[in-house]
2 protein chains.
Amino acid sequence: MEKKILLNERDIPRAWYNIQADLQTPLPPPLNPETGEPITPDMLSQIFPMNIIEQEASVERWIDIPDEIIEKLLIWRPTPLCRAYGLERHLGTPAKIYYKNEGVSPPGSHKPNTAVAQVYYNKISGTKRLTTETGAGQWGSALSFACNLFGLELKVYMVRVSYNQKPYRKIMMETWGGKCVPSPSPDTNTGKGFYEKNPEHPGSLGIAISEAIEDAVTSKDTKYSLGSVLNHVMLHQTVIGLEAEKQLASVNEYPDVVIGCAGGGSNFAGLSFPFIRDKIYGKNIKIIASEPTSCPTLTKGPYIYDFADTAKMTPLLPMHSIGHGFVPAPIHAGGLRYHGMSPIVSKLLIDGLIEARAYTQLETFSAGILFARTEGFIPAPETTHAIACVIEEAKRAKEEGKEKTILMNWSGHGIIDLPSYDAFLSGMLGDYVLPDEEIARLVKDLEKYPKPR
Amino acid sequence: MEKKILLNERDIPRAWYNIQADLQTPLPPPLNPETGEPITPDMLSQIFPMNIIEQEASVERWIDIPDEIIEKLLIWRPTPLCRAYGLERHLGTPAKIYYKNEGVSPPGSHKPNTAVAQVYYNKISGTKRLTTETGAGQWGSALSFACNLFGLELKVYMVRVSYNQKPYRKIMMETWGGKCVPSPSPDTNTGKGFYEKNPEHPGSLGIAISEAIEDAVTSKDTKYSLGSVLNHVMLHQTVIGLEAEKQLASVNEYPDVVIGCAGGGSNFAGLSFPFIRDKIYGKNIKIIASEPTSCPTLTKGPYIYDFADTAKMTPLLPMHSIGHGFVPAPIHAGGLRYHGMSPIVSKLLIDGLIEARAYTQLETFSAGILFARTEGFIPAPETTHAIACVIEEAKRAKEEGKEKTILMNWSGHGIIDLPSYDAFLSGMLGDYVLPDEEIARLVKDLEKYPKPR
């Protein structure tokens, strides 16, 4: 009875899996909001290097991982696949629960999987400095870690509510040499607009993205880097699922259910895409994305063309969205407060290949505490959304008296989020459910754009 | 070129190594301070269960690890042995540097190795509740984690200066269900004495130990648990070195130098004892304990009989000590501020089997930042003392143009200690060196006790 299924370094995946190769109809293209026409690669070249733009559009099924990236991934990868015997026993479920522990990376989450790749591609393209935004701070930390490894400068615009809630994140970024400011900041035109009206503006991922992009396009040798949503980010994260597949195979297992939490979609994509490929080719398998009721992008948002940021500086992306003007409730899962969703993940929902569920903040923290007390490791608030869904599925297995194998992405640890646990244990947290009317209001002005097909 | 040398779960050590079997002269016994006579097991039975008291005095070379303990250790063990290629490259050293990553445990340090063992032995002895003290909070967290796994209650007395410096530690303990109060507290007679004179008294490990012991001896079904210093703690930590030995052997390596930081001595002992055994039997190997100049127990403290606590509630232990009345400077390595040292580690220094070095706070944080920026993982302030010593040895290898293999214990991560890094990066930290005259003053009243032989 193995607790942790390890993979040797020589078995680390050598190529990323690109699900675009297996979609039955192509992904609708990003659109130029002014013309309604598909954007061209050169329109993106101000913010991304060309090698990343090529990956964004690629339909090659397998894309080789350069050795320079493998070398950095090996700092913490392959990550352990763990069997949650303690949680299973507590629930009295016949289900087998496996979790892929992405919390073992230096910044503590799955985010560096794409950070090291993006920084490498920027470096070989001549980029000297990167900008980005961060919500909970996981992405900013991961990019700071990666920039330090390859010797690039970094400036992170961090959503102010999270900057104040999670002061350790900024220190972590600075320990690796990155610079971090609260957003909206006075450092950009976009930020200044909000900042001057209210220096304590709580901020949003949408605003922070706008600031980071503005900085990138107006600064020398500077590009922008995004930690989720885009196709190349989903691609880089597939090492998670590819490793898990090998690890499960080594103990003669295959999952009946695959679960990940979803904010912009990257950790969910990383674990699930290799299994969705099997589903496309006929395998019977349930794939579930788990999100907060306060930001129910997949469960309630329409499939529309929307901007990726608040200031409408980005192209229009085809996605499930609750509108770029969304200002999230102050839930503690900062990484799940994004108004949109990865276009690929959005299309997979439309194509019926995945399903989505939403959980309240109290449900998810209860699940997180139960996990910590049965399995030991304290999960990030984002990760607790996946755990809540796992518990639901494991209880269902018990009711139905059915054996099944559940695989989840344990996307990160919650050590830096301990004040959120304190708030929960002290009874200070509330539930938030975004009302349908509010969503209708938020997406109303998007009717003028084309419908993605 | 492997970055991480893994060990399979089936290769986890099944017995602890007891160095008492290989000492050339027996360890001097603990003494009753009133009579000057060796204490008897029943005098300890108020605070420890008998199975632990037996381990404390055992001279059996190998002691089997019960399956129930193995099951819990497998939550995070075996831990990875990592090659510090990034640090080596930065230093331009011919030395090979390996670090044993004990930061992967749920509480983030080596401490749960003994916590799960002690809680297990207490549980099978009928103990329902444990008390303990904690400095930096690593031990309190580890014991809370372990008590939760076996269903015991816990109360932790945390040195107030650390309680205030590291608020996340208390939340971590509570997340696993433990109770944590700042010490000196009003909850015990010992604590009350200090607390009523000064409710903001910074506390010390010595005072906190006294509080925890008083609570244990005056409460029903309650015992006390100590996270370092004692023989059984050193014993439980030897899984670290036993694993490292196997991991190095798997790549045909054997260390020339073994390094660990030392507060009470447990992580140093855990890594080094199996190698010291080889040294006793003729192997040429250098073993170095690294400590702060602000608490130079091994480098400056005399080898004497001293109390383990401030209130003189414990037996007299034969150890290197700077006196139980020592009030440490507010350095950030809370786990290294203890006035005494493990009797076994102390004797190994007397026997010439190990050496000791001291480093200032600024030297160690510089080493910590360098490690984080070359290897990715952010070390605990305690661990940075070992890193400072590794860097010194690696630089010496470069000067001498000699290849050598250095093995260090990376005793824990510094995620919860990020404010200490912030203070360092902002230039707010100072150096502290304990003056010789102060040590002479602190140990003066110990002259009346026998000399350990």
# chains A, B, ... in the order shown; residues from 1 in each chain; ligands from 1

call {"tool": "closest_atom_pairs", "arguments": {"of": "chain A", "to": "chain B", "cutoff": "7 Å", "atoms": "only C-alpha atoms", "output": "Markdown table"}}
result
| residue | atom | partner | partner_atom | distance |
| --- | --- | --- | --- | --- |
| A:Lys3 | CA | B:Leu74 | CA | 6.5 |
| A:Leu74 | CA | B:Lys3 | CA | 6.5 |
| A:Ile75 | CA | B:Lys3 | CA | 6.7 |
| A:Val104 | CA | B:Val104 | CA | 6.9 |
| A:Pro106 | CA | B:Phe377 | CA | 4.8 |
| A:Phe145 | CA | B:Gly376 | CA | 6.8 |
| A:Asn148 | CA | B:Arg373 | CA | 6.6 |
| A:Tyr168 | CA | B:Leu418 | CA | 6.1 |
| A:Ile171 | CA | B:Asp422 | CA | 5.9 |
| A:Met172 | CA | B:Leu418 | CA | 6.7 |
| A:Thr175 | CA | B:Ile369 | CA | 6.7 |
| A:Trp176 | CA | B:Arg373 | CA | 5.7 |
| A:Ile369 | CA | B:Thr175 | CA | 6.7 |
| A:Ala372 | CA | B:Trp176 | CA | 6.8 |
| A:Arg373 | CA | B:Trp176 | CA | 5.7 |
| A:Gly376 | CA | B:Pro106 | CA | 5.8 |
| A:Phe377 | CA | B:Pro106 | CA | 4.8 |
| A:Leu418 | CA | B:Tyr168 | CA | 6.1 |
| A:Pro419 | CA | B:Tyr168 | CA | 7.0 |
| A:Asp422 | CA | B:Ile171 | CA | 5.9 |

call {"tool": "write_last_selection", "arguments": {"atoms": "N, CA and C atoms", "output": "PDB file, in the first residue's frame"}}
result
ATOM      1  N   LYS A   3       1.864   5.065  -0.152  1.00  0.00           N
ATOM      2  CA  LYS A   3       1.238   6.351   0.163  1.00  0.00           C
ATOM      3  C   LYS A   3       1.555   7.358  -0.943  1.00  0.00           C
ATOM      4  N   LEU A  74      13.263  20.179 -12.930  1.00  0.00           N
ATOM      5  CA  LEU A  74      13.769  19.111 -12.056  1.00  0.00           C
ATOM      6  C   LEU A  74      14.078  19.600 -10.641  1.00  0.00           C
ATOM      7  N   ILE A  75      14.095  20.918 -10.434  1.00  0.00           N
ATOM      8  CA  ILE A  75      14.279  21.418  -9.063  1.00  0.00           C
ATOM      9  C   ILE A  75      13.203  20.826  -8.143  1.00  0.00           C
ATOM     10  N   VAL A 104       4.806  21.152  -3.760  1.00  0.00           N
ATOM     11  CA  VAL A 104       6.218  20.929  -3.404  1.00  0.00           C
ATOM     12  C   VAL A 104       7.194  21.854  -4.138  1.00  0.00           C
ATOM     13  N   PRO A 106       9.186  25.363  -5.113  1.00  0.00           N
ATOM     14  CA  PRO A 106       9.647  26.427  -4.205  1.00  0.00           C
ATOM     15  C   PRO A 106       8.588  27.507  -3.923  1.00  0.00           C
ATOM     16  N   PHE A 145      10.426  33.683  -9.008  1.00  0.00           N
ATOM     17  CA  PHE A 145      11.305  32.504  -8.887  1.00  0.00           C
ATOM     18  C   PHE A 145      11.962  32.189 -10.242  1.00  0.00           C
ATOM     19  N   ASN A 148      14.400  34.951 -11.622  1.00  0.00           N
ATOM     20  CA  ASN A 148      15.672  34.844 -10.903  1.00  0.00           C
ATOM     21  C   ASN A 148      16.542  33.724 -11.476  1.00  0.00           C
ATOM     22  N   TYR A 168       3.081  38.179   3.035  1.00  0.00           N
ATOM     23  CA  TYR A 168       4.245  37.303   2.850  1.00  0.00           C
ATOM     24  C   TYR A 168       4.567  37.101   1.371  1.00  0.00           C
ATOM     25  N   ILE A 171       7.054  39.582   0.062  1.00  0.00           N
ATOM     26  CA  ILE A 171       8.406  39.291   0.548  1.00  0.00           C
ATOM     27  C   ILE A 171       9.007  38.127  -0.232  1.00  0.00           C
ATOM     28  N   MET A 172       8.178  37.124  -0.504  1.00  0.00           N
ATOM     29  CA  MET A 172       8.666  35.979  -1.267  1.00  0.00           C
ATOM     30  C   MET A 172       9.173  36.436  -2.641  1.00  0.00           C
ATOM     31  N   THR A 175      12.429  38.172  -2.137  1.00  0.00           N
ATOM     32  CA  THR A 175      13.510  37.248  -1.778  1.00  0.00           C
ATOM     33  C   THR A 175      14.171  36.691  -3.043  1.00  0.00           C
ATOM     34  N   TRP A 176      13.370  36.511  -4.090  1.00  0.00           N
ATOM     35  CA  TRP A 176      13.933  36.062  -5.371  1.00  0.00           C
ATOM     36  C   TRP A 176      14.304  37.235  -6.283  1.00  0.00           C
ATOM     37  N   ILE A 369      -9.989  22.225   5.932  1.00  0.00           N
ATOM     38  CA  ILE A 369      -9.655  21.817   7.303  1.00  0.00           C
ATOM     39  C   ILE A 369      -9.711  20.288   7.418  1.00  0.00           C
ATOM     40  N   ALA A 372      -6.579  18.911   5.893  1.00  0.00           N
ATOM     41  CA  ALA A 372      -5.392  19.132   6.741  1.00  0.00           C
ATOM     42  C   ALA A 372      -5.381  18.165   7.918  1.00  0.00           C
ATOM     43  N   ARG A 373      -6.558  17.881   8.456  1.00  0.00           N
ATOM     44  CA  ARG A 373      -6.629  17.033   9.649  1.00  0.00           C
ATOM     45  C   ARG A 373      -6.611  15.550   9.339  1.00  0.00           C
ATOM     46  N   GLY A 376      -2.773  15.805   6.596  1.00  0.00           N
ATOM     47  CA  GLY A 376      -1.604  16.509   7.092  1.00  0.00           C
ATOM     48  C   GLY A 376      -1.308  17.813   6.372  1.00  0.00           C
ATOM     49  N   PHE A 377      -1.221  17.784   5.067  1.00  0.00           N
ATOM     50  CA  PHE A 377      -0.858  18.987   4.317  1.00  0.00           C
ATOM     51  C   PHE A 377      -2.010  20.003   4.287  1.00  0.00           C
ATOM     52  N   LEU A 418      -2.477  31.076   5.805  1.00  0.00           N
ATOM     53  CA  LEU A 418      -2.943  30.689   7.139  1.00  0.00           C
ATOM     54  C   LEU A 418      -3.887  31.724   7.768  1.00  0.00           C
ATOM     55  N   PRO A 419      -3.686  33.036   7.553  1.00  0.00           N
ATOM     56  CA  PRO A 419      -4.667  33.984   8.117  1.00  0.00           C
ATOM     57  C   PRO A 419      -6.097  33.720   7.623  1.00  0.00           C
ATOM     58  N   ASP A 422      -7.354  31.143   9.858  1.00  0.00           N
ATOM     59  CA  ASP A 422      -7.649  31.771  11.146  1.00  0.00           C
ATOM     60  C   ASP A 422      -9.032  32.418  11.095  1.00  0.00           C
TER      61      ASP A 422
END

call {"tool": "residues_around", "arguments": {"residues": "range 314-330 of chain A", "least_positions_apart": "6", "cutoff": "7 Å", "atoms": "only C-alpha atoms", "output": "NGL selection string"}}
result
:A and (28 or 30-33 or 204 or 206 or 294-295 or 297-298 or 301-308 or 337 or 339-343 or 346 or 439 or 442-443 or 452)

call {"tool": "residues_around", "arguments": {"residues": "range 63-67 of chain A", "least_positions_apart": "6", "cutoff": "10 Å", "atoms": "only C-alpha atoms", "output": "JSON, numbers by chain"}}
result
{"A": [13, 14, 15, 16, 17, 18, 55, 73, 117, 120, 121, 235, 236, 239]}

call {"tool": "select_by_dssp", "arguments": {"residues": "range 51-99 of chain B", "states": "strand (DSSP E)", "output": "PyMOL selection string"}}
result
chain B and resi 62-64+81-83+96-99

call {"tool": "write_last_selection", "arguments": {"atoms": "all heavy atoms", "output": "tab-separated table (two decimals), in the first residue's frame"}}
result
chain	number	residue	atom	x	y	z
B	62	TRP	N	20.22	-0.82	17.62
B	62	TRP	CA	19.11	-0.60	16.68
B	62	TRP	C	17.79	-0.79	17.41
B	62	TRP	O	17.62	-1.78	18.11
B	62	TRP	CB	19.20	-1.58	15.49
B	62	TRP	CG	20.43	-1.35	14.67
B	62	TRP	CD1	21.59	-2.06	14.73
B	62	TRP	CD2	20.65	-0.32	13.70
B	62	TRP	NE1	22.52	-1.56	13.86
B	62	TRP	CE2	21.96	-0.48	13.21
B	62	TRP	CE3	19.86	0.72	13.19
B	62	TRP	CZ2	22.51	0.37	12.24
B	62	TRP	CZ3	20.41	1.55	12.23
B	62	TRP	CH2	21.72	1.38	11.77
B	63	ILE	N	16.88	0.14	17.24
B	63	ILE	CA	15.57	0.05	17.88
B	63	ILE	C	14.51	0.08	16.79
B	63	ILE	O	14.43	1.04	16.00
B	63	ILE	CB	15.38	1.19	18.89
B	63	ILE	CG1	16.42	1.04	20.03
B	63	ILE	CG2	13.95	1.22	19.44
B	63	ILE	CD1	16.39	2.12	21.07
B	64	ASP	N	13.71	-0.99	16.72
B	64	ASP	CA	12.71	-1.10	15.65
B	64	ASP	C	11.71	0.05	15.68
B	64	ASP	O	11.26	0.47	16.74
B	64	ASP	CB	11.93	-2.42	15.80
B	64	ASP	CG	12.79	-3.61	15.37
B	64	ASP	OD1	13.83	-3.39	14.74
B	64	ASP	OD2	12.38	-4.75	15.69
B	81	LEU	N	16.95	13.75	-1.33
B	81	LEU	CA	18.33	14.25	-1.18
B	81	LEU	C	18.64	14.99	-2.47
B	81	LEU	O	18.55	14.42	-3.56
B	81	LEU	CB	19.31	13.10	-0.98
B	81	LEU	CG	20.76	13.53	-0.81
B	81	LEU	CD1	20.97	14.21	0.55
B	81	LEU	CD2	21.71	12.35	-0.95
B	82	CYS	N	18.97	16.28	-2.37
B	82	CYS	CA	19.12	17.11	-3.57
B	82	CYS	C	20.56	17.53	-3.76
B	82	CYS	O	21.27	17.79	-2.79
B	82	CYS	CB	18.25	18.36	-3.47
B	82	CYS	SG	16.53	17.99	-3.10
B	83	ARG	N	20.97	17.59	-5.00
B	83	ARG	CA	22.30	18.09	-5.32
B	83	ARG	C	22.17	19.58	-5.62
B	83	ARG	O	21.37	19.98	-6.47
B	83	ARG	CB	22.84	17.33	-6.54
B	83	ARG	CG	24.17	17.84	-7.08
B	83	ARG	CD	25.35	17.22	-6.37
B	83	ARG	NE	26.58	17.80	-6.91
B	83	ARG	CZ	27.29	17.28	-7.92
B	83	ARG	NH1	26.92	16.13	-8.47
B	83	ARG	NH2	28.38	17.89	-8.36
B	96	LYS	N	31.10	18.91	-4.25
B	96	LYS	CA	29.72	18.49	-4.53
B	96	LYS	C	28.91	18.73	-3.26
B	96	LYS	O	29.29	18.28	-2.18
B	96	LYS	CB	29.67	17.01	-4.87
B	96	LYS	CG	30.40	16.63	-6.13
B	96	LYS	CD	30.33	15.11	-6.31
B	96	LYS	CE	31.31	14.65	-7.36
B	96	LYS	NZ	31.47	13.18	-7.34
B	97	ILE	N	27.79	19.44	-3.41
B	97	ILE	CA	26.98	19.77	-2.24
B	97	ILE	C	25.63	19.05	-2.32
B	97	ILE	O	24.90	19.22	-3.30
B	97	ILE	CB	26.75	21.30	-2.13
B	97	ILE	CG1	28.09	22.04	-2.06
B	97	ILE	CG2	25.85	21.64	-0.95
B	97	ILE	CD1	27.98	23.56	-2.16
B	98	TYR	N	25.35	18.25	-1.32
B	98	TYR	CA	24.05	17.57	-1.24
B	98	TYR	C	23.29	18.09	-0.04
B	98	TYR	O	23.86	18.27	1.03
B	98	TYR	CB	24.23	16.06	-1.07
B	98	TYR	CG	24.76	15.36	-2.29
B	98	TYR	CD1	26.13	15.15	-2.46
B	98	TYR	CD2	23.89	14.89	-3.27
B	98	TYR	CE1	26.62	14.50	-3.59
B	98	TYR	CE2	24.38	14.24	-4.40
B	98	TYR	CZ	25.73	14.04	-4.56
B	98	TYR	OH	26.20	13.40	-5.67
B	99	TYR	N	21.98	18.36	-0.24
B	99	TYR	CA	21.19	18.74	0.94
B	99	TYR	C	19.98	17.84	1.07
B	99	TYR	O	19.31	17.51	0.10
B	99	TYR	CB	20.79	20.22	0.91
B	99	TYR	CG	19.86	20.66	-0.18
B	99	TYR	CD1	18.49	20.78	0.05
B	99	TYR	CD2	20.34	21.00	-1.44
B	99	TYR	CE1	17.63	21.22	-0.95
B	99	TYR	CE2	19.49	21.43	-2.45
B	99	TYR	CZ	18.13	21.53	-2.20
B	99	TYR	OH	17.28	21.95	-3.19

call {"tool": "select_by_dssp", "arguments": {"residues": "range 218-290 of chain B", "states": "helix (DSSP H, G or I)", "output": "VMD selection string"}}
result
chain B and resid 218 231 to 237 239 to 250 266 to 280

call {"tool": "residues_around", "arguments": {"residues": "Ser125 in chain A", "least_positions_apart": "6", "cutoff": "9 Å", "atoms": "only C-alpha atoms", "output": "ChimeraX atom specification"}}
result
/A:49-51

call {"tool": "residues_around", "arguments": {"residues": "range 261-274 of chain B", "least_positions_apart": "2", "cutoff": "6 Å", "atoms": "only C-alpha atoms", "output": "ChimeraX atom specification"}}
result
/B:228-229,234,237-238,240-241,276-277,289-291,335-336,338,341-342,385-386

call {"tool": "write_last_selection", "arguments": {"atoms": "all heavy atoms", "output": "short mmCIF file (atom, residue, chain, number, x, y, z; two decimals), in the first residue's frame"}}
result
data_model
loop_
_atom_site.label_atom_id
_atom_site.label_comp_id
_atom_site.auth_asym_id
_atom_site.auth_seq_id
_atom_site.Cartn_x
_atom_site.Cartn_y
_atom_site.Cartn_z
N SER B 228 13.62 18.35 21.40
CA SER B 228 15.05 18.27 21.12
C SER B 228 15.78 17.79 22.38
O SER B 228 15.15 17.28 23.30
CB SER B 228 15.57 19.63 20.65
OG SER B 228 16.84 19.50 20.07
N VAL B 229 17.09 17.96 22.43
CA VAL B 229 17.95 17.77 23.59
C VAL B 229 18.07 16.31 24.07
O VAL B 229 19.17 15.79 24.20
CB VAL B 229 17.51 18.68 24.78
CG1 VAL B 229 18.44 18.49 25.98
CG2 VAL B 229 17.50 20.15 24.35
N MET B 234 16.99 12.49 19.71
CA MET B 234 18.10 12.29 18.76
C MET B 234 17.89 10.96 18.02
O MET B 234 18.06 10.87 16.80
CB MET B 234 19.45 12.24 19.51
CG MET B 234 19.74 13.44 20.41
SD MET B 234 19.86 15.03 19.58
CE MET B 234 18.67 15.98 20.53
N GLN B 237 15.36 11.02 15.25
CA GLN B 237 15.76 11.81 14.08
C GLN B 237 16.75 11.08 13.17
O GLN B 237 17.02 11.53 12.05
CB GLN B 237 16.37 13.15 14.53
CG GLN B 237 15.38 14.12 15.18
CD GLN B 237 14.34 14.67 14.21
OE1 GLN B 237 14.38 14.41 13.02
NE2 GLN B 237 13.39 15.44 14.74
N THR B 238 17.28 9.93 13.63
CA THR B 238 18.31 9.27 12.80
C THR B 238 17.77 8.73 11.48
O THR B 238 18.56 8.38 10.61
CB THR B 238 19.01 8.13 13.58
OG1 THR B 238 18.04 7.19 14.02
CG2 THR B 238 19.79 8.68 14.78
N ILE B 240 16.82 10.46 9.25
CA ILE B 240 17.34 11.41 8.25
C ILE B 240 18.68 10.91 7.70
O ILE B 240 18.87 10.77 6.50
CB ILE B 240 17.54 12.82 8.87
CG1 ILE B 240 16.24 13.36 9.47
CG2 ILE B 240 18.09 13.78 7.81
CD1 ILE B 240 16.43 14.67 10.26
N GLY B 241 19.61 10.64 8.61
CA GLY B 241 20.93 10.20 8.17
C GLY B 241 20.91 8.82 7.54
O GLY B 241 21.65 8.55 6.58
N ILE B 276 28.71 9.46 12.13
CA ILE B 276 29.63 9.46 13.26
C ILE B 276 29.95 8.02 13.67
O ILE B 276 31.07 7.70 14.06
CB ILE B 276 29.04 10.26 14.45
CG1 ILE B 276 28.90 11.74 14.06
CG2 ILE B 276 29.95 10.13 15.68
CD1 ILE B 276 28.23 12.61 15.10
N ARG B 277 29.00 7.15 13.53
CA ARG B 277 29.27 5.73 13.79
C ARG B 277 30.42 5.26 12.90
O ARG B 277 31.35 4.59 13.38
CB ARG B 277 28.01 4.91 13.49
CG ARG B 277 28.22 3.45 13.78
CD ARG B 277 27.04 2.60 13.36
NE ARG B 277 27.33 1.21 13.69
CZ ARG B 277 26.88 0.18 13.00
NH1 ARG B 277 26.08 0.37 11.96
NH2 ARG B 277 27.19 -1.04 13.36
N ALA B 289 28.86 21.02 13.58
CA ALA B 289 27.62 21.62 14.08
C ALA B 289 27.75 23.14 13.97
O ALA B 289 28.77 23.70 14.34
CB ALA B 289 27.38 21.22 15.54
N SER B 290 26.70 23.79 13.45
CA SER B 290 26.75 25.22 13.18
C SER B 290 25.73 25.93 14.05
O SER B 290 24.57 25.54 14.11
CB SER B 290 26.46 25.43 11.70
OG SER B 290 26.39 26.78 11.40
N GLU B 291 26.16 26.99 14.75
CA GLU B 291 25.26 27.67 15.69
C GLU B 291 25.44 29.18 15.59
O GLU B 291 26.37 29.67 14.96
CB GLU B 291 25.56 27.18 17.11
CG GLU B 291 26.96 27.49 17.60
CD GLU B 291 27.22 26.92 19.01
OE1 GLU B 291 26.42 26.12 19.51
OE2 GLU B 291 28.26 27.32 19.59
N GLY B 335 14.76 28.75 16.82
CA GLY B 335 15.06 27.38 17.21
C GLY B 335 16.50 27.19 17.69
O GLY B 335 16.85 26.12 18.18
N LEU B 336 17.34 28.23 17.54
CA LEU B 336 18.74 28.08 17.94
C LEU B 336 19.07 28.94 19.16
O LEU B 336 20.23 29.25 19.43
CB LEU B 336 19.67 28.46 16.78
CG LEU B 336 19.46 27.73 15.45
CD1 LEU B 336 20.53 28.14 14.43
CD2 LEU B 336 19.48 26.21 15.63
N TYR B 338 18.50 28.23 22.39
CA TYR B 338 18.43 27.45 23.63
C TYR B 338 19.77 27.48 24.35
O TYR B 338 20.83 27.36 23.72
CB TYR B 338 18.02 26.01 23.28
CG TYR B 338 17.86 25.12 24.48
CD1 TYR B 338 16.93 25.43 25.48
CD2 TYR B 338 18.61 23.96 24.60
CE1 TYR B 338 16.77 24.59 26.58
CE2 TYR B 338 18.45 23.13 25.70
CZ TYR B 338 17.54 23.45 26.69
OH TYR B 338 17.38 22.62 27.77
N MET B 341 22.46 22.10 25.23
CA MET B 341 22.70 21.29 24.04
C MET B 341 22.50 19.83 24.41
O MET B 341 22.80 19.42 25.54
CB MET B 341 24.14 21.50 23.53
CG MET B 341 24.55 20.72 22.30
SD MET B 341 23.52 20.94 20.84
CE MET B 341 23.78 22.67 20.47
N SER B 342 21.99 19.07 23.48
CA SER B 342 21.83 17.64 23.67
C SER B 342 23.05 17.03 24.38
O SER B 342 24.19 17.23 23.96
CB SER B 342 21.69 16.99 22.29
OG SER B 342 22.26 15.70 22.25
N HIS B 385 22.11 28.68 9.06
CA HIS B 385 23.37 28.49 9.77
C HIS B 385 24.17 27.32 9.19
O HIS B 385 25.39 27.38 9.09
CB HIS B 385 23.12 28.27 11.27
CG HIS B 385 22.64 29.51 11.97
ND1 HIS B 385 21.38 30.03 11.77
CD2 HIS B 385 23.26 30.37 12.82
CE1 HIS B 385 21.24 31.13 12.49
NE2 HIS B 385 22.37 31.36 13.14
N ALA B 386 23.46 26.27 8.81
CA ALA B 386 24.14 25.15 8.15
C ALA B 386 24.65 25.59 6.78
O ALA B 386 25.76 25.23 6.37
CB ALA B 386 23.19 23.97 8.03
#

call {"tool": "closest_residue", "arguments": {"among": "B:Gln361, B:Thr293, B:Thr35, B:Thr218", "to": "Ile331 in chain B", "atoms": "only C-alpha atoms"}}
result
B:Gln361

call {"tool": "closest_residue", "arguments": {"among": "A:Val258, A:Cys147, A:Ala249, A:Ala380", "to": "Gly334 in chain A", "atoms": "only C-alpha atoms"}}
result
A:Ala380
